[in-house]
$ cat start_3.pdb   # PDB, C-alpha atoms, pLDDT in the B column
ATOM      1  CA  MET A1492     -33.523 -15.803-164.782  1.00 85.00           C
ATOM      2  CA  ALA A1493     -35.598 -18.957-164.442  1.00 92.00           C
ATOM      3  CA  LYS A1494     -39.288 -19.287-165.232  1.00 95.00           C
ATOM      4  CA  TRP A1495     -41.848 -22.025-164.629  1.00 96.00           C
ATOM      5  CA  ASN A1496     -45.565 -22.491-165.251  1.00 95.00           C
ATOM      6  CA  VAL A1497     -47.580 -24.472-162.714  1.00 95.00           C
ATOM      7  CA  GLU A1498     -51.274 -25.302-162.746  1.00 94.00           C
ATOM      8  CA  ASP A1499     -53.182 -25.800-159.509  1.00 94.00           C
ATOM      9  CA  GLN A1500     -56.934 -26.515-159.533  1.00 92.00           C
ATOM     10  CA  GLY A1501     -57.391 -24.929-162.942  1.00 92.00           C
ATOM     11  CA  THR A1502     -55.434 -21.764-162.123  1.00 93.00           C
ATOM     12  CA  GLN A1503     -52.194 -21.067-164.022  1.00 95.00           C
ATOM     13  CA  TYR A1504     -49.270 -19.663-162.046  1.00 95.00           C
ATOM     14  CA  THR A1505     -46.139 -18.173-163.572  1.00 96.00           C
ATOM     15  CA  ILE A1506     -43.213 -18.366-161.165  1.00 96.00           C
ATOM     16  CA  GLU A1507     -39.954 -16.566-161.956  1.00 96.00           C
ATOM     17  CA  TYR A1508     -36.625 -16.226-160.203  1.00 95.00           C
ATOM     18  CA  LYS A1509     -34.411 -13.244-161.026  1.00 94.00           C
ATOM     19  CA  ARG A1510     -30.948 -13.290-159.558  1.00 89.00           C
ATOM     20  CA  GLY A1511     -29.696 -10.270-157.674  1.00 83.00           C
ATOM     21  CA  PHE A1512     -26.867  -9.428-155.330  1.00 78.00           C
ATOM     22  CA  ASN A1513     -27.003 -11.760-152.282  1.00 75.00           C
ATOM     23  CA  GLY A1514     -30.355 -13.237-153.301  1.00 81.00           C
ATOM     24  CA  GLY A1515     -32.827 -12.009-155.857  1.00 91.00           C
ATOM     25  CA  LYS A1516     -36.538 -11.776-156.559  1.00 94.00           C
ATOM     26  CA  ILE A1517     -39.222 -14.399-156.820  1.00 95.00           C
ATOM     27  CA  ILE A1518     -42.223 -13.322-158.871  1.00 95.00           C
ATOM     28  CA  VAL A1519     -45.525 -15.195-158.726  1.00 95.00           C
ATOM     29  CA  ASN A1520     -48.050 -13.935-161.306  1.00 94.00           C
ATOM     30  CA  GLY A1521     -46.471 -10.476-161.204  1.00 93.00           C
ATOM     31  CA  SER A1522     -46.239 -10.220-157.406  1.00 93.00           C
ATOM     32  CA  GLU A1523     -42.576  -9.727-156.394  1.00 94.00           C
ATOM     33  CA  GLN A1524     -40.902 -10.972-153.235  1.00 93.00           C
ATOM     34  CA  LYS A1525     -37.263 -10.184-152.450  1.00 94.00           C
ATOM     35  CA  VAL A1526     -35.273 -13.121-151.132  1.00 94.00           C
ATOM     36  CA  LYS A1527     -31.861 -13.287-149.490  1.00 93.00           C
ATOM     37  CA  SER A1528     -29.267 -15.987-149.717  1.00 90.00           C
ATOM     38  CA  GLN A1529     -28.847 -18.200-146.665  1.00 88.00           C
ATOM     39  CA  ASN A1530     -25.074 -18.103-147.156  1.00 81.00           C
ATOM     40  CA  VAL A1531     -22.627 -15.214-147.501  1.00 78.00           C
ATOM     41  CA  PHE A1532     -20.383 -16.802-150.144  1.00 73.00           C
ATOM     42  CA  LEU A1533     -22.777 -19.064-152.015  1.00 80.00           C
ATOM     43  CA  ASN A1534     -26.181 -18.092-153.403  1.00 86.00           C
ATOM     44  CA  LEU A1535     -28.400 -20.476-151.435  1.00 89.00           C
ATOM     45  CA  ILE A1536     -32.177 -19.974-151.454  1.00 93.00           C
ATOM     46  CA  ASP A1537     -35.051 -22.248-150.513  1.00 94.00           C
ATOM     47  CA  PHE A1538     -38.247 -20.206-150.792  1.00 95.00           C
ATOM     48  CA  PRO A1539     -41.615 -21.883-150.119  1.00 95.00           C
ATOM     49  CA  ILE A1540     -44.710 -20.811-152.042  1.00 94.00           C
ATOM     50  CA  ARG A1541     -48.163 -22.031-151.115  1.00 89.00           C
ATOM     51  CA  LEU A1542     -50.625 -22.211-153.979  1.00 92.00           C
ATOM     52  CA  LYS A1543     -54.196 -23.476-153.568  1.00 91.00           C
ATOM     53  CA  GLU A1544     -53.296 -27.126-153.047  1.00 92.00           C
ATOM     54  CA  LYS A1545     -49.705 -27.499-154.225  1.00 93.00           C
ATOM     55  CA  ALA A1546     -46.588 -27.011-152.123  1.00 91.00           C
ATOM     56  CA  VAL A1547     -43.937 -25.292-154.235  1.00 96.00           C
ATOM     57  CA  ASN A1548     -40.328 -24.381-153.398  1.00 96.00           C
ATOM     58  CA  VAL A1549     -37.937 -22.267-155.447  1.00 96.00           C
ATOM     59  CA  VAL A1550     -34.478 -23.676-154.732  1.00 94.00           C
ATOM     60  CA  VAL A1551     -31.306 -21.909-155.849  1.00 92.00           C
ATOM     61  CA  ILE A1552     -27.808 -23.293-155.331  1.00 88.00           C
ATOM     62  CA  GLY A1553     -25.127 -21.086-156.848  1.00 83.00           C
ATOM     63  CA  ASN A1554     -26.424 -20.075-160.246  1.00 84.00           C
ATOM     64  CA  LYS A1555     -28.726 -23.089-160.697  1.00 88.00           C
ATOM     65  CA  ALA A1556     -32.414 -22.598-159.926  1.00 93.00           C
ATOM     66  CA  ASP A1557     -35.045 -25.317-159.850  1.00 94.00           C
ATOM     67  CA  LEU A1558     -38.674 -25.545-158.785  1.00 96.00           C
ATOM     68  CA  ALA A1559     -39.931 -28.316-156.523  1.00 96.00           C
ATOM     69  CA  VAL A1560     -43.641 -29.046-156.903  1.00 95.00           C
ATOM     70  CA  ASP A1561     -45.201 -31.458-154.412  1.00 93.00           C
ATOM     71  CA  GLY A1562     -41.790 -32.802-153.414  1.00 92.00           C
ATOM     72  CA  ILE A1563     -40.267 -33.315-156.892  1.00 93.00           C
ATOM     73  CA  TYR A1564     -37.876 -30.991-158.733  1.00 93.00           C
ATOM     74  CA  LEU A1565     -39.198 -30.107-162.187  1.00 93.00           C
ATOM     75  CA  GLY A1566     -35.723 -29.759-163.739  1.00 90.00           C
ATOM     76  CA  SER A1567     -34.069 -32.935-162.474  1.00 86.00           C
ATOM     77  CA  ASN A1568     -37.120 -35.047-161.527  1.00 89.00           C
ATOM     78  CA  GLN A1569     -35.347 -35.804-158.219  1.00 87.00           C
ATOM     79  CA  PRO A1570     -37.002 -35.687-154.776  1.00 90.00           C
ATOM     80  CA  TYR A1571     -36.965 -32.282-153.080  1.00 91.00           C
ATOM     81  CA  VAL A1572     -34.597 -31.959-150.116  1.00 88.00           C
ATOM     82  CA  PRO A1573     -34.791 -28.767-148.043  1.00 90.00           C
ATOM     83  CA  VAL A1574     -31.593 -26.731-148.239  1.00 87.00           C
ATOM     84  CA  SER A1575     -31.734 -26.398-144.452  1.00 84.00           C
ATOM     85  CA  LYS A1576     -30.906 -30.115-144.288  1.00 83.00           C
ATOM     86  CA  THR A1577     -27.462 -29.588-145.814  1.00 85.00           C
ATOM     87  CA  PRO A1578     -25.187 -31.800-143.696  1.00 90.00           C
ATOM     88  CA  GLY A1579     -22.389 -30.308-141.591  1.00 91.00           C
ATOM     89  CA  TRP A1580     -19.662 -32.196-143.429  1.00 94.00           C
ATOM     90  CA  SER A1581     -20.650 -30.328-146.603  1.00 93.00           C
ATOM     91  CA  TRP A1582     -20.211 -26.964-144.860  1.00 91.00           C
ATOM     92  CA  ALA A1583     -16.790 -28.124-143.638  1.00 94.00           C
ATOM     93  CA  PHE A1584     -15.748 -28.696-147.272  1.00 96.00           C
ATOM     94  CA  VAL A1585     -17.125 -25.253-148.182  1.00 93.00           C
ATOM     95  CA  VAL A1586     -15.251 -23.415-145.424  1.00 93.00           C
ATOM     96  CA  VAL A1587     -11.933 -25.185-145.934  1.00 95.00           C
ATOM     97  CA  SER A1588     -12.104 -24.793-149.714  1.00 95.00           C
ATOM     98  CA  LEU A1589     -12.796 -21.060-149.430  1.00 93.00           C
ATOM     99  CA  VAL A1590     -10.049 -20.518-146.832  1.00 95.00           C
ATOM    100  CA  ILE A1591      -7.440 -22.452-148.834  1.00 94.00           C
ATOM    101  CA  GLY A1592      -8.432 -20.599-151.983  1.00 93.00           C
ATOM    102  CA  TRP A1593      -8.197 -17.177-150.345  1.00 94.00           C
ATOM    103  CA  LEU A1594      -4.912 -17.884-148.526  1.00 93.00           C
ATOM    104  CA  PHE A1595      -3.067 -19.436-151.461  1.00 91.00           C
ATOM    105  CA  ALA A1596      -4.506 -17.801-154.558  1.00 90.00           C
ATOM    106  CA  GLY A1597      -6.510 -14.740-153.520  1.00 90.00           C
ATOM    107  CA  VAL A1598      -9.598 -13.810-155.489  1.00 91.00           C
ATOM    108  CA  LEU A1599      -9.141 -16.478-158.183  1.00 91.00           C
ATOM    109  CA  GLY A1600      -8.718 -19.129-155.497  1.00 92.00           C
ATOM    110  CA  LEU A1601     -11.837 -17.853-153.776  1.00 91.00           C
ATOM    111  CA  CYS A1602     -13.749 -18.140-157.071  1.00 91.00           C
ATOM    112  CA  LEU A1603     -12.565 -21.739-157.464  1.00 93.00           C
ATOM    113  CA  GLY A1604     -13.644 -22.379-153.879  1.00 93.00           C
ATOM    114  CA  ILE A1605     -17.101 -21.007-154.640  1.00 90.00           C
ATOM    115  CA  LEU A1606     -17.414 -23.301-157.667  1.00 91.00           C
ATOM    116  CA  GLY A1607     -16.441 -26.239-155.485  1.00 94.00           C
ATOM    117  CA  SER A1608     -18.876 -25.083-152.806  1.00 92.00           C
ATOM    118  CA  MET A1609     -21.765 -25.267-155.250  1.00 89.00           C
ATOM    119  CA  PHE A1610     -20.784 -28.868-155.962  1.00 93.00           C
ATOM    120  CA  TYR A1611     -20.414 -29.784-152.255  1.00 94.00           C
ATOM    121  CA  VAL A1612     -23.850 -28.456-151.311  1.00 90.00           C
ATOM    122  CA  LYS A1613     -25.634 -29.860-154.356  1.00 86.00           C
ATOM    123  CA  SER A1614     -23.951 -33.237-154.002  1.00 90.00           C
ATOM    124  CA  SER A1615     -24.649 -33.471-150.265  1.00 89.00           C
ATOM    125  CA  LEU A1616     -28.382 -32.927-150.923  1.00 84.00           C
ATOM    126  CA  SER A1617     -28.520 -35.616-153.624  1.00 82.00           C
ATOM    127  CA  LEU A1618     -30.693 -38.536-152.494  1.00 73.00           C
ATOM    128  CA  HIS A1619     -29.847 -40.887-155.354  1.00 76.00           C
ATOM    129  CA  GLN A1620     -26.359 -41.577-153.941  1.00 83.00           C
ATOM    130  CA  THR A1621     -25.291 -43.143-150.656  1.00 90.00           C
ATOM    131  CA  ILE A1622     -23.782 -40.864-148.015  1.00 90.00           C
ATOM    132  CA  ASN A1623     -20.386 -42.534-148.465  1.00 93.00           C
ATOM    133  CA  ARG A1624     -20.445 -41.900-152.194  1.00 94.00           C
ATOM    134  CA  ARG A1625     -21.444 -38.245-151.652  1.00 92.00           C
ATOM    135  CA  VAL A1626     -18.590 -37.708-149.180  1.00 95.00           C
ATOM    136  CA  VAL A1627     -16.056 -39.418-151.447  1.00 96.00           C
ATOM    137  CA  SER A1628     -17.120 -37.424-154.519  1.00 95.00           C
ATOM    138  CA  CYS A1629     -16.930 -34.182-152.519  1.00 96.00           C
ATOM    139  CA  PHE A1630     -13.493 -35.150-151.215  1.00 96.00           C
ATOM    140  CA  ILE A1631     -12.215 -35.879-154.735  1.00 97.00           C
ATOM    141  CA  VAL A1632     -13.486 -32.516-156.023  1.00 96.00           C
ATOM    142  CA  PHE A1633     -12.104 -30.808-152.910  1.00 97.00           C
ATOM    143  CA  PHE A1634      -8.675 -32.407-153.471  1.00 97.00           C
ATOM    144  CA  ILE A1635      -8.553 -31.368-157.143  1.00 96.00           C
ATOM    145  CA  ILE A1636      -9.671 -27.795-156.437  1.00 96.00           C
ATOM    146  CA  SER A1637      -7.239 -27.477-153.511  1.00 95.00           C
ATOM    147  CA  VAL A1638      -4.318 -28.661-155.630  1.00 95.00           C
ATOM    148  CA  VAL A1639      -5.218 -26.172-158.373  1.00 95.00           C
ATOM    149  CA  GLN A1640      -5.574 -23.359-155.819  1.00 94.00           C
ATOM    150  CA  ILE A1641      -2.236 -24.130-154.159  1.00 93.00           C
ATOM    151  CA  VAL A1642      -0.339 -24.621-157.443  1.00 93.00           C
ATOM    152  CA  PHE A1643      -1.788 -21.403-158.872  1.00 91.00           C
ATOM    153  CA  GLY A1644      -0.923 -19.502-155.693  1.00 90.00           C
ATOM    154  CA  LEU A1645       2.642 -20.806-155.602  1.00 90.00           C
ATOM    155  CA  ALA A1646       3.132 -20.142-159.328  1.00 91.00           C
ATOM    156  CA  ALA A1647       1.780 -16.598-158.964  1.00 85.00           C
ATOM    157  CA  ASN A1648       4.091 -15.930-155.987  1.00 81.00           C
ATOM    158  CA  TYR A1649       7.084 -17.293-157.920  1.00 86.00           C
ATOM    159  CA  TRP A1650       6.225 -15.215-160.980  1.00 87.00           C
ATOM    160  CA  ILE A1651       5.833 -12.061-158.876  1.00 82.00           C
ATOM    161  CA  SER A1652       9.143 -12.680-157.077  1.00 82.00           C
ATOM    162  CA  THR A1653      11.021 -12.957-160.395  1.00 82.00           C
ATOM    163  CA  LEU A1654       9.856  -9.540-161.604  1.00 74.00           C
TER     164      LEU A1654
END
$ encode --input "start_3.pdb" --output "C-alpha cells"
Amino acid sequence: MAKWNVEDQGTQYTIEYKRGFNGGKIIVNGSEQKVKSQNVFLNLIDFPIRLKEKAVNVVVIGNKADLAVDGIYLGSNQPYVPVSKTPGWSWAFVVVSLVIGWLFAGVLGLCLGILGSMFYVKSSLSLHQTINRRVVSCFIVFFIISVVQIVFGLAANYWISTL
C-alpha cells in the first residue's frame, strides 16, 4: 500500500494505492476506484486523477508505486513520463525474457523474467539517461537474467535426470 497527501487550493487530498490481483484500488479521500494493470505479466498502472487545479497520476510499475503531481514524481523527483510511452524495444526485452525464463526454468525462470521486466520498463521510461545508455543497461540486465535462467534450467534438468 502507498499513501500520499496532496494539497490543492487549500483542500487536502489523501490518495492511496492498494495492490490487488491484476491491478488494485486507488482511493481518493475515501472514494475507491478499481484499476487494472495494462500488462498481463507485469503490474503496470498509470491512473490520472484530476483535482481542482493539479494534474495527478498514480503510476505503478511492478510493486513500486509513485505519485506524479504536476509532472513530477513525488518519490524520485524525476519528470513524469506516461507509461503508455514505453518504447517498443523495452517490450521486446520483456517478452524475450519471459519466454526464455518459462522455456528454460519454468515458474522460477518466469519470476526472474518478471523482475527483469520491471527493470526494463522502469529504465526505458527514465529521462535522466540517454536512449543508448537505457538500451545498454537493459541489455546487460537481460543478459545476466537470461544466463541465470538458462543455467538454472539446465541444472534442474540434470538434477532431475540423475534421480
$ resolve_selection --input "start_3.pdb" --expression "the PyMOL selection byres ((chain A and resi 1608-1612) around 9)" --output "PyMOL selection string"
chain A and resi 1532-1534+1552-1554+1574+1577-1578+1581-1582+1584-1586+1588-1589+1603-1607+1613-1617+1625-1626+1628-1630+1632-1633
$ atom_distance --input "start_3.pdb" --atom1 "CA of Ile1536 (chain A)" --atom2 "CA of Ser1575 (chain A)"
9.5 Å
$ residues_around --input "start_3.pdb" --residues "Val1550 (chain A)" --least-positions-apart "5" --cutoff "7 Å" --atoms "only C-alpha atoms" --output "ChimeraX atom specification"
/A:1536-1538,1556-1558
$ atom_distance --input "start_3.pdb" --atom1 "CA of Gln1503 (chain A)" --atom2 "CA of Gly1562 (chain A)"
18.9 Å
$ residues_around --input "start_3.pdb" --residues "Ser1522 (chain A)" --least-positions-apart "2" --cutoff "12 Å" --atoms "all atoms listed in the file" --output "ChimeraX atom specification"
/A:1504-1508,1516-1520,1524-1525,1540
$ closest_residue --input "start_3.pdb" --among "A:Trp1495, A:Leu1542, A:Gly1592, A:Leu1599" --to "Tyr1564 (chain A)" --atoms "only C-alpha atoms"
A:Trp1495
$ atom_distance --input "start_3.pdb" --atom1 "CA of Gly1501 (chain A)" --atom2 "CA of Asn1568 (chain A)"
22.7 Å
$ resolve_selection --input "start_3.pdb" --expression "the PyMOL selection byres ((chain A and resi 1595) around 8)" --output "NGL selection string"
:A and (1591-1594 or 1596-1597 or 1600 or 1640-1641 or 1643-1645)
$ residues_around --input "start_3.pdb" --residues "Asn1513 (chain A)" --least-positions-apart "3" --cutoff "9 Å" --atoms "all atoms listed in the file" --output "PDB file with C-alpha atoms, in the coordinates of the input"
ATOM      1  CA  ARG A1510     -30.948 -13.290-159.558  1.00 89.00           C
ATOM      2  CA  VAL A1526     -35.273 -13.121-151.132  1.00 94.00           C
ATOM      3  CA  LYS A1527     -31.861 -13.287-149.490  1.00 93.00           C
ATOM      4  CA  SER A1528     -29.267 -15.987-149.717  1.00 90.00           C
ATOM      5  CA  GLN A1529     -28.847 -18.200-146.665  1.00 88.00           C
ATOM      6  CA  ASN A1530     -25.074 -18.103-147.156  1.00 81.00           C
ATOM      7  CA  VAL A1531     -22.627 -15.214-147.501  1.00 78.00           C
ATOM      8  CA  PHE A1532     -20.383 -16.802-150.144  1.00 73.00           C
ATOM      9  CA  LEU A1533     -22.777 -19.064-152.015  1.00 80.00           C
ATOM     10  CA  ASN A1534     -26.181 -18.092-153.403  1.00 86.00           C
ATOM     11  CA  LEU A1535     -28.400 -20.476-151.435  1.00 89.00           C
TER      12      LEU A1535
END
$ closest_residue --input "start_3.pdb" --among "A:Ala1583, A:Pro1539, A:Ala1546, A:Phe1512" --to "Glu1498 (chain A)" --atoms "only C-alpha atoms"
A:Ala1546
$ decode --input "start_3.pdb" --residues "region 1507-1635 of chain A" --atoms "C-alpha atoms" --output "PDB file, in the first residue's frame"
ATOM      1  CA  GLU A1507      -3.864   5.699  -1.584  1.00  0.00           C
ATOM      2  CA  TYR A1508      -2.967   2.763  -3.784  1.00  0.00           C
ATOM      3  CA  LYS A1509      -3.774  -0.753  -2.576  1.00  0.00           C
ATOM      4  CA  ARG A1510      -2.408  -3.578  -4.651  1.00  0.00           C
ATOM      5  CA  GLY A1511      -4.722  -6.341  -5.769  1.00  0.00           C
ATOM      6  CA  PHE A1512      -4.688  -9.157  -8.274  1.00  0.00           C
ATOM      7  CA  ASN A1513      -4.060  -7.730 -11.784  1.00  0.00           C
ATOM      8  CA  GLY A1514      -4.361  -4.130 -10.600  1.00  0.00           C
ATOM      9  CA  GLY A1515      -5.713  -2.787  -7.356  1.00  0.00           C
ATOM     10  CA  LYS A1516      -7.627   0.130  -5.892  1.00  0.00           C
ATOM     11  CA  ILE A1517      -6.962   3.833  -5.888  1.00  0.00           C
ATOM     12  CA  ILE A1518      -8.663   5.692  -3.056  1.00  0.00           C
ATOM     13  CA  VAL A1519      -9.047   9.471  -3.087  1.00  0.00           C
ATOM     14  CA  ASN A1520     -10.444  10.838   0.200  1.00  0.00           C
ATOM     15  CA  GLY A1521     -12.284   7.566   0.812  1.00  0.00           C
ATOM     16  CA  SER A1522     -13.710   7.209  -2.707  1.00  0.00           C
ATOM     17  CA  GLU A1523     -12.487   3.916  -4.237  1.00  0.00           C
ATOM     18  CA  GLN A1524     -11.763   3.235  -7.890  1.00  0.00           C
ATOM     19  CA  LYS A1525     -10.699  -0.207  -9.117  1.00  0.00           C
ATOM     20  CA  VAL A1526      -7.855  -0.170 -11.612  1.00  0.00           C
ATOM     21  CA  LYS A1527      -6.487  -2.885 -13.875  1.00  0.00           C
ATOM     22  CA  SER A1528      -2.949  -3.472 -14.978  1.00  0.00           C
ATOM     23  CA  GLN A1529      -2.117  -2.569 -18.567  1.00  0.00           C
ATOM     24  CA  ASN A1530       0.003  -5.720 -18.832  1.00  0.00           C
ATOM     25  CA  VAL A1531      -0.777  -9.376 -18.143  1.00  0.00           C
ATOM     26  CA  PHE A1532       2.582 -10.297 -16.591  1.00  0.00           C
ATOM     27  CA  LEU A1533       3.699  -7.030 -15.033  1.00  0.00           C
ATOM     28  CA  ASN A1534       1.628  -4.783 -12.771  1.00  0.00           C
ATOM     29  CA  LEU A1535       1.565  -1.610 -14.872  1.00  0.00           C
ATOM     30  CA  ILE A1536      -0.834   1.203 -13.953  1.00  0.00           C
ATOM     31  CA  ASP A1537      -0.966   4.856 -14.932  1.00  0.00           C
ATOM     32  CA  PHE A1538      -4.141   6.315 -13.431  1.00  0.00           C
ATOM     33  CA  PRO A1539      -4.899  10.034 -13.884  1.00  0.00           C
ATOM     34  CA  ILE A1540      -6.692  11.972 -11.153  1.00  0.00           C
ATOM     35  CA  ARG A1541      -7.936  15.499 -11.691  1.00  0.00           C
ATOM     36  CA  LEU A1542      -8.095  17.639  -8.578  1.00  0.00           C
ATOM     37  CA  LYS A1543      -9.184  21.290  -8.625  1.00  0.00           C
ATOM     38  CA  GLU A1544      -6.092  22.633 -10.369  1.00  0.00           C
ATOM     39  CA  LYS A1545      -3.464  19.904 -10.094  1.00  0.00           C
ATOM     40  CA  ALA A1546      -2.919  17.056 -12.535  1.00  0.00           C
ATOM     41  CA  VAL A1547      -2.064  13.910 -10.582  1.00  0.00           C
ATOM     42  CA  ASN A1548      -1.129  10.422 -11.815  1.00  0.00           C
ATOM     43  CA  VAL A1549      -0.738   7.263  -9.752  1.00  0.00           C
ATOM     44  CA  VAL A1550       1.938   5.225 -11.526  1.00  0.00           C
ATOM     45  CA  VAL A1551       2.680   1.618 -10.592  1.00  0.00           C
ATOM     46  CA  ILE A1552       5.428  -0.466 -12.182  1.00  0.00           C
ATOM     47  CA  GLY A1553       5.713  -3.919 -10.647  1.00  0.00           C
ATOM     48  CA  ASN A1554       5.456  -3.413  -6.914  1.00  0.00           C
ATOM     49  CA  LYS A1555       6.692   0.200  -6.925  1.00  0.00           C
ATOM     50  CA  ALA A1556       4.068   2.943  -6.765  1.00  0.00           C
ATOM     51  CA  ASP A1557       4.714   6.655  -7.115  1.00  0.00           C
ATOM     52  CA  LEU A1558       2.567   9.759  -7.454  1.00  0.00           C
ATOM     53  CA  ALA A1559       3.211  12.360 -10.136  1.00  0.00           C
ATOM     54  CA  VAL A1560       1.920  15.825  -9.257  1.00  0.00           C
ATOM     55  CA  ASP A1561       2.045  18.470 -11.987  1.00  0.00           C
ATOM     56  CA  GLY A1562       4.545  16.431 -13.996  1.00  0.00           C
ATOM     57  CA  ILE A1563       6.992  15.493 -11.201  1.00  0.00           C
ATOM     58  CA  TYR A1564       7.147  12.214  -9.272  1.00  0.00           C
ATOM     59  CA  LEU A1565       6.993  12.812  -5.520  1.00  0.00           C
ATOM     60  CA  GLY A1566       9.139   9.770  -4.659  1.00  0.00           C
ATOM     61  CA  SER A1567      12.006  10.219  -7.109  1.00  0.00           C
ATOM     62  CA  ASN A1568      11.654  13.925  -8.010  1.00  0.00           C
ATOM     63  CA  GLN A1569      12.004  12.883 -11.678  1.00  0.00           C
ATOM     64  CA  PRO A1570       9.801  14.156 -14.530  1.00  0.00           C
ATOM     65  CA  TYR A1571       6.609  12.172 -15.116  1.00  0.00           C
ATOM     66  CA  VAL A1572       6.573  10.027 -18.262  1.00  0.00           C
ATOM     67  CA  PRO A1573       3.286   8.353 -19.217  1.00  0.00           C
ATOM     68  CA  VAL A1574       3.508   4.565 -19.070  1.00  0.00           C
ATOM     69  CA  SER A1575       1.828   4.470 -22.482  1.00  0.00           C
ATOM     70  CA  LYS A1576       5.059   5.912 -23.898  1.00  0.00           C
ATOM     71  CA  THR A1577       7.043   2.793 -23.003  1.00  0.00           C
ATOM     72  CA  PRO A1578       9.200   2.176 -26.088  1.00  0.00           C
ATOM     73  CA  GLY A1579       8.804  -0.984 -28.173  1.00  0.00           C
ATOM     74  CA  TRP A1580      12.365  -2.134 -27.556  1.00  0.00           C
ATOM     75  CA  SER A1581      11.537  -2.372 -23.842  1.00  0.00           C
ATOM     76  CA  TRP A1582       8.574  -4.664 -24.564  1.00  0.00           C
ATOM     77  CA  ALA A1583      10.858  -6.816 -26.731  1.00  0.00           C
ATOM     78  CA  PHE A1584      13.148  -7.325 -23.712  1.00  0.00           C
ATOM     79  CA  VAL A1585      10.099  -8.155 -21.569  1.00  0.00           C
ATOM     80  CA  VAL A1586       8.711 -10.758 -23.977  1.00  0.00           C
ATOM     81  CA  VAL A1587      12.025 -12.468 -24.685  1.00  0.00           C
ATOM     82  CA  SER A1588      12.980 -12.531 -21.003  1.00  0.00           C
ATOM     83  CA  LEU A1589       9.649 -14.097 -20.028  1.00  0.00           C
ATOM     84  CA  VAL A1590       9.778 -16.676 -22.842  1.00  0.00           C
ATOM     85  CA  ILE A1591      13.370 -17.702 -22.063  1.00  0.00           C
ATOM     86  CA  GLY A1592      12.542 -17.928 -18.376  1.00  0.00           C
ATOM     87  CA  TRP A1593       9.462 -20.084 -18.942  1.00  0.00           C
ATOM     88  CA  LEU A1594      11.114 -22.388 -21.505  1.00  0.00           C
ATOM     89  CA  PHE A1595      14.336 -22.999 -19.589  1.00  0.00           C
ATOM     90  CA  ALA A1596      13.418 -22.735 -15.926  1.00  0.00           C
ATOM     91  CA  GLY A1597       9.630 -22.843 -15.591  1.00  0.00           C
ATOM     92  CA  VAL A1598       7.967 -20.829 -12.861  1.00  0.00           C
ATOM     93  CA  LEU A1599      11.215 -19.666 -11.224  1.00  0.00           C
ATOM     94  CA  GLY A1600      12.515 -18.514 -14.601  1.00  0.00           C
ATOM     95  CA  LEU A1601       9.255 -16.691 -15.211  1.00  0.00           C
ATOM     96  CA  CYS A1602       9.626 -14.940 -11.836  1.00  0.00           C
ATOM     97  CA  LEU A1603      13.155 -13.855 -12.768  1.00  0.00           C
ATOM     98  CA  GLY A1604      11.791 -12.623 -16.092  1.00  0.00           C
ATOM     99  CA  ILE A1605       9.161 -10.565 -14.286  1.00  0.00           C
ATOM    100  CA  LEU A1606      11.829  -8.981 -12.073  1.00  0.00           C
ATOM    101  CA  GLY A1607      13.823  -8.114 -15.174  1.00  0.00           C
ATOM    102  CA  SER A1608      10.679  -6.790 -16.850  1.00  0.00           C
ATOM    103  CA  MET A1609      10.144  -4.300 -14.045  1.00  0.00           C
ATOM    104  CA  PHE A1610      13.681  -3.044 -14.640  1.00  0.00           C
ATOM    105  CA  TYR A1611      13.260  -2.846 -18.447  1.00  0.00           C
ATOM    106  CA  VAL A1612      10.067  -0.789 -18.252  1.00  0.00           C
ATOM    107  CA  LYS A1613      11.273   1.494 -15.467  1.00  0.00           C
ATOM    108  CA  SER A1614      14.634   2.039 -17.130  1.00  0.00           C
ATOM    109  CA  SER A1615      13.109   2.725 -20.552  1.00  0.00           C
ATOM    110  CA  LEU A1616      10.928   5.483 -19.032  1.00  0.00           C
ATOM    111  CA  SER A1617      13.876   7.146 -17.275  1.00  0.00           C
ATOM    112  CA  LEU A1618      14.547  10.592 -18.761  1.00  0.00           C
ATOM    113  CA  HIS A1619      17.819  11.255 -16.952  1.00  0.00           C
ATOM    114  CA  GLN A1620      19.711   8.779 -19.171  1.00  0.00           C
ATOM    115  CA  THR A1621      20.312   8.778 -22.916  1.00  0.00           C
ATOM    116  CA  ILE A1622      18.433   6.224 -25.011  1.00  0.00           C
ATOM    117  CA  ASN A1623      21.689   4.391 -25.761  1.00  0.00           C
ATOM    118  CA  ARG A1624      22.502   4.099 -22.077  1.00  0.00           C
ATOM    119  CA  ARG A1625      18.974   2.828 -21.306  1.00  0.00           C
ATOM    120  CA  VAL A1626      19.209   0.166 -24.025  1.00  0.00           C
ATOM    121  CA  VAL A1627      22.683  -0.926 -22.917  1.00  0.00           C
ATOM    122  CA  SER A1628      21.681  -1.174 -19.246  1.00  0.00           C
ATOM    123  CA  CYS A1629      18.587  -3.192 -20.194  1.00  0.00           C
ATOM    124  CA  PHE A1630      20.704  -5.468 -22.383  1.00  0.00           C
ATOM    125  CA  ILE A1631      23.200  -6.082 -19.564  1.00  0.00           C
ATOM    126  CA  VAL A1632      20.403  -6.951 -17.115  1.00  0.00           C
ATOM    127  CA  PHE A1633      18.725  -9.079 -19.793  1.00  0.00           C
ATOM    128  CA  PHE A1634      21.985 -10.977 -20.426  1.00  0.00           C
ATOM    129  CA  ILE A1635      22.563 -11.651 -16.712  1.00  0.00           C
TER     130      ILE A1635
END
